[in-house]
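The structure file final-v8.txt is reproduced below (compact mmCIF, C-alpha atoms).
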# COMPACT_ATOMS: atom_id res chain seq x y z
CA GLN A 378 4.56 9.02 -21.95
CA VAL A 379 4.28 7.70 -18.43
CA GLN A 380 4.31 3.92 -18.35
CA LEU A 381 4.46 3.31 -14.60
CA VAL A 382 2.35 5.31 -12.14
CA GLU A 383 3.20 5.19 -8.45
CA SER A 384 1.13 6.27 -5.50
CA GLY A 385 1.01 5.90 -1.73
CA GLY A 386 3.97 7.86 -0.43
CA GLY A 387 3.75 10.28 2.46
CA LEU A 388 4.95 11.24 5.91
CA VAL A 389 4.90 8.67 8.69
CA GLN A 390 6.44 8.34 12.13
CA ALA A 391 9.15 5.80 12.83
CA GLY A 392 7.60 2.38 13.42
CA GLY A 393 4.68 3.15 11.15
CA SER A 394 3.59 1.64 7.86
CA LEU A 395 2.90 2.71 4.30
CA ARG A 396 1.85 0.87 1.16
CA LEU A 397 3.09 1.97 -2.22
CA SER A 398 1.35 1.03 -5.47
CA CYS A 399 2.61 0.98 -9.04
CA ALA A 400 0.17 0.55 -11.93
CA THR A 401 1.24 -0.15 -15.47
CA SER A 402 0.08 -1.61 -18.77
CA GLY A 403 -0.59 -5.28 -19.22
CA SER A 404 2.30 -5.84 -21.61
CA ILE A 405 4.87 -4.25 -19.34
CA PHE A 406 3.50 -6.06 -16.32
CA SER A 407 3.62 -9.49 -17.94
CA ASP A 408 6.96 -9.16 -19.74
CA ASN A 409 9.07 -7.69 -16.96
CA VAL A 410 10.34 -8.26 -13.48
CA MET A 411 8.69 -5.53 -11.42
CA GLY A 412 10.85 -3.88 -8.81
CA TRP A 413 11.09 -1.11 -6.29
CA TYR A 414 14.07 1.20 -5.90
CA ARG A 415 14.80 4.22 -3.74
CA GLN A 416 17.04 7.23 -3.70
CA ALA A 417 17.83 9.14 -0.54
CA PRO A 418 19.17 12.71 -0.68
CA GLY A 419 22.81 12.75 -1.68
CA LYS A 420 22.89 9.01 -2.36
CA GLN A 421 22.68 6.80 -5.41
CA ARG A 422 19.50 5.02 -6.34
CA GLU A 423 19.40 1.55 -4.81
CA TRP A 424 17.37 -1.57 -5.42
CA VAL A 425 14.87 -2.47 -2.69
CA ALA A 426 12.86 -5.48 -3.85
CA ASP A 427 11.44 -7.20 -6.89
CA ILE A 428 8.87 -9.78 -7.92
CA THR A 429 8.52 -12.02 -10.97
CA ARG A 430 5.43 -13.22 -12.83
CA ALA A 431 5.59 -16.37 -10.73
CA ARG A 432 5.63 -14.19 -7.60
CA SER A 433 9.19 -15.08 -6.71
CA THR A 434 10.50 -12.24 -4.55
CA ASN A 435 13.86 -10.82 -3.55
CA TYR A 436 14.75 -8.15 -1.01
CA ALA A 437 17.67 -5.98 -0.08
CA ASP A 438 19.09 -6.92 3.30
CA SER A 439 18.20 -3.50 4.68
CA VAL A 440 14.45 -4.12 4.23
CA LYS A 441 14.19 -7.88 4.59
CA GLY A 442 11.57 -8.81 7.18
CA ARG A 443 10.01 -5.34 7.14
CA PHE A 444 8.95 -4.81 3.51
CA THR A 445 6.78 -7.07 1.37
CA VAL A 446 6.43 -6.85 -2.40
CA SER A 447 3.34 -8.30 -4.06
CA ARG A 448 1.45 -8.09 -7.33
CA ASP A 449 -2.14 -8.17 -8.54
CA ASN A 450 -2.13 -9.57 -12.04
CA ALA A 451 -5.76 -8.60 -12.65
CA LYS A 452 -4.97 -4.94 -11.95
CA ASN A 453 -1.46 -4.88 -13.48
CA THR A 454 -0.29 -3.41 -10.21
CA VAL A 455 2.64 -4.11 -7.93
CA TYR A 456 2.70 -3.13 -4.27
CA LEU A 457 5.30 -2.49 -1.61
CA GLN A 458 4.05 -2.87 1.93
CA MET A 459 6.48 -1.14 4.25
CA ASN A 460 6.26 -1.88 7.97
CA THR A 461 8.37 -0.85 10.94
CA LEU A 462 9.65 2.12 8.99
CA LYS A 463 12.86 3.81 10.07
CA PRO A 464 14.15 7.33 9.42
CA GLU A 465 16.80 5.82 7.15
CA ASP A 466 14.01 4.56 4.88
CA THR A 467 13.34 8.18 3.91
CA ALA A 468 13.78 8.46 0.14
CA VAL A 469 12.03 8.86 -3.16
CA TYR A 470 10.74 5.42 -4.09
CA TYR A 471 10.59 4.39 -7.72
CA CYS A 472 8.87 1.54 -9.47
CA GLY A 473 10.93 -0.05 -12.22
CA ALA A 474 10.44 -2.77 -14.81
CA ARG A 475 13.27 -4.80 -16.30
CA LEU A 476 13.22 -7.59 -18.82
CA TYR A 477 13.84 -11.09 -17.54
CA GLY A 478 17.56 -11.81 -17.73
CA SER A 479 18.50 -8.14 -17.85
CA SER A 480 19.96 -6.07 -15.04
CA SER A 481 18.92 -2.78 -16.62
CA VAL A 482 15.60 -1.16 -15.84
CA THR A 483 13.67 -0.36 -19.01
CA TYR A 484 10.80 1.61 -17.54
CA TRP A 485 10.76 3.92 -14.54
CA GLY A 486 7.94 5.52 -12.64
CA GLN A 487 8.00 9.17 -11.64
CA GLY A 488 8.77 8.39 -8.00
CA THR A 489 6.90 8.97 -4.76
CA GLN A 490 8.34 10.57 -1.62
CA VAL A 491 8.44 8.60 1.61
CA THR A 492 9.48 10.51 4.72
CA VAL A 493 9.90 8.80 8.08
CA SER A 494 10.18 11.10 11.07
CA SER A 495 11.98 10.09 14.25

Show how you would write the structure in this file as structure tokens.
Amino acid sequence: QVQLVESGGGLVQAGGSLRLSCATSGSIFSDNVMGWYRQAPGKQREWVADITRARSTNYADSVKGRFTVSRDNAKNTVYLQMNTLKPEDTAVYYCGARLYGSSSVTYWGQGTQVTVSS
């Protein structure tokens, strides 16, 4: 049973922008830190950004200043606005939810492909 549903990936030229969305149920949305992760070909999955109920945000150094994570509590949806995209941002992007105080992701989305051409 799919708990997190992502959308918004695609192909974009370097310097362009994309916005990813992740919709989930109300209980998951309210009880978890919502985060974004990515996995490039041949590499391990890495954390990108996350946001708490109070809208406190954190970013990986590689995306800081270019990506913005936000949430719409009325829609139980979290977003990742990606600007000034680089070819090295190419990856499958996953939405993940982890309980507060835990480092382990409990729920994963199915992933959405982002490809940045040079």

> So what do you get for atom CA of Ala417 of chain A versus atom CA of Tyr484 of chain A, distance-wise?
Replying inline: 19.9 Å

Output as lines of an AutoDock Vina configuration file the centre and edge lengths (Å, one decimal) of the box along x, y and z of the file that holds every listed atom of segment 414-426 of chain A after adding 5 Å on each side.
center_x = 17.9
center_y = 3.6
center_z = -3.4
size_x = 20.0
size_y = 28.2
size_z = 15.8

> From the set A:Asp449, A:Glu465, A:Asp427, A:Asp438, which residue has the shortest atom-to-atom contact distance to Met411 of chain A, counting only C-alpha atoms?
Replying inline: A:Asp427

> Which residue out of A:Asn450, A:Gln487, A:Ser479, A:Ser495 has the minimum interatomic distance to Val382 of chain A when all atoms listed in the file are used?
Replying inline: A:Gln487

>> Just to confirm, what's the straight-line distance from atom CA of Ser384 of chain A to atom CA of Gly403 of chain A in Å (one decimal)?
In response: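 About the pair atom CA of Ser384 of chain A and atom CA of Gly403 of chain A: they are 18.0 Å apart.
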
> With only C-alpha atoms as the atoms that count, which of A:Ser480, A:Ser407, A:Gln390, A:Ser402 lies nearest to Thr467 of chain A?
Replying inline: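 Using only C-alpha atoms, Thr467 of chain A sits closest to A:Gln390.
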
For C-alpha atoms, please extract segment 405-440 of chain A from the block and return it as a PDB file, in the first residue's frame.
ATOM      1  CA  ILE A 405       1.799  10.356   8.510  1.00  0.00           C
ATOM      2  CA  PHE A 406       2.114  14.029   7.678  1.00  0.00           C
ATOM      3  CA  SER A 407       1.485  15.212  11.226  1.00  0.00           C
ATOM      4  CA  ASP A 408       3.501  12.560  13.077  1.00  0.00           C
ATOM      5  CA  ASN A 409       6.683  12.581  11.019  1.00  0.00           C
ATOM      6  CA  VAL A 410       9.511  14.731   9.817  1.00  0.00           C
ATOM      7  CA  MET A 411       9.038  14.876   6.054  1.00  0.00           C
ATOM      8  CA  GLY A 412      12.170  14.644   3.973  1.00  0.00           C
ATOM      9  CA  TRP A 413      13.574  14.354   0.504  1.00  0.00           C
ATOM     10  CA  TYR A 414      16.316  11.946  -0.509  1.00  0.00           C
ATOM     11  CA  ARG A 415      17.964  11.067  -3.804  1.00  0.00           C
ATOM     12  CA  GLN A 416      19.882   8.243  -5.379  1.00  0.00           C
ATOM     13  CA  ALA A 417      22.086   8.724  -8.402  1.00  0.00           C
ATOM     14  CA  PRO A 418      23.122   5.764 -10.580  1.00  0.00           C
ATOM     15  CA  GLY A 419      25.802   3.709  -8.877  1.00  0.00           C
ATOM     16  CA  LYS A 420      25.599   5.718  -5.656  1.00  0.00           C
ATOM     17  CA  GLN A 421      23.959   5.289  -2.287  1.00  0.00           C
ATOM     18  CA  ARG A 422      20.759   7.072  -1.413  1.00  0.00           C
ATOM     19  CA  GLU A 423      21.485  10.405   0.263  1.00  0.00           C
ATOM     20  CA  TRP A 424      19.480  12.840   2.316  1.00  0.00           C
ATOM     21  CA  VAL A 425      18.659  16.148   0.611  1.00  0.00           C
ATOM     22  CA  ALA A 426      16.395  18.154   2.909  1.00  0.00           C
ATOM     23  CA  ASP A 427      13.689  17.863   5.524  1.00  0.00           C
ATOM     24  CA  ILE A 428      10.994  19.877   7.251  1.00  0.00           C
ATOM     25  CA  THR A 429       9.221  19.528  10.597  1.00  0.00           C
ATOM     26  CA  ARG A 430       5.643  20.290  11.609  1.00  0.00           C
ATOM     27  CA  ALA A 431       6.871  23.675  12.791  1.00  0.00           C
ATOM     28  CA  ARG A 432       8.406  24.237   9.352  1.00  0.00           C
ATOM     29  CA  SER A 433      11.959  24.051  10.615  1.00  0.00           C
ATOM     30  CA  THR A 434      14.113  23.074   7.640  1.00  0.00           C
ATOM     31  CA  ASN A 435      17.506  21.504   7.049  1.00  0.00           C
ATOM     32  CA  TYR A 436      19.481  21.037   3.847  1.00  0.00           C
ATOM     33  CA  ALA A 437      22.440  19.093   2.600  1.00  0.00           C
ATOM     34  CA  ASP A 438      25.354  21.367   1.779  1.00  0.00           C
ATOM     35  CA  SER A 439      25.200  20.334  -1.871  1.00  0.00           C
ATOM     36  CA  VAL A 440      21.726  21.873  -2.322  1.00  0.00           C
TER      37      VAL A 440
END
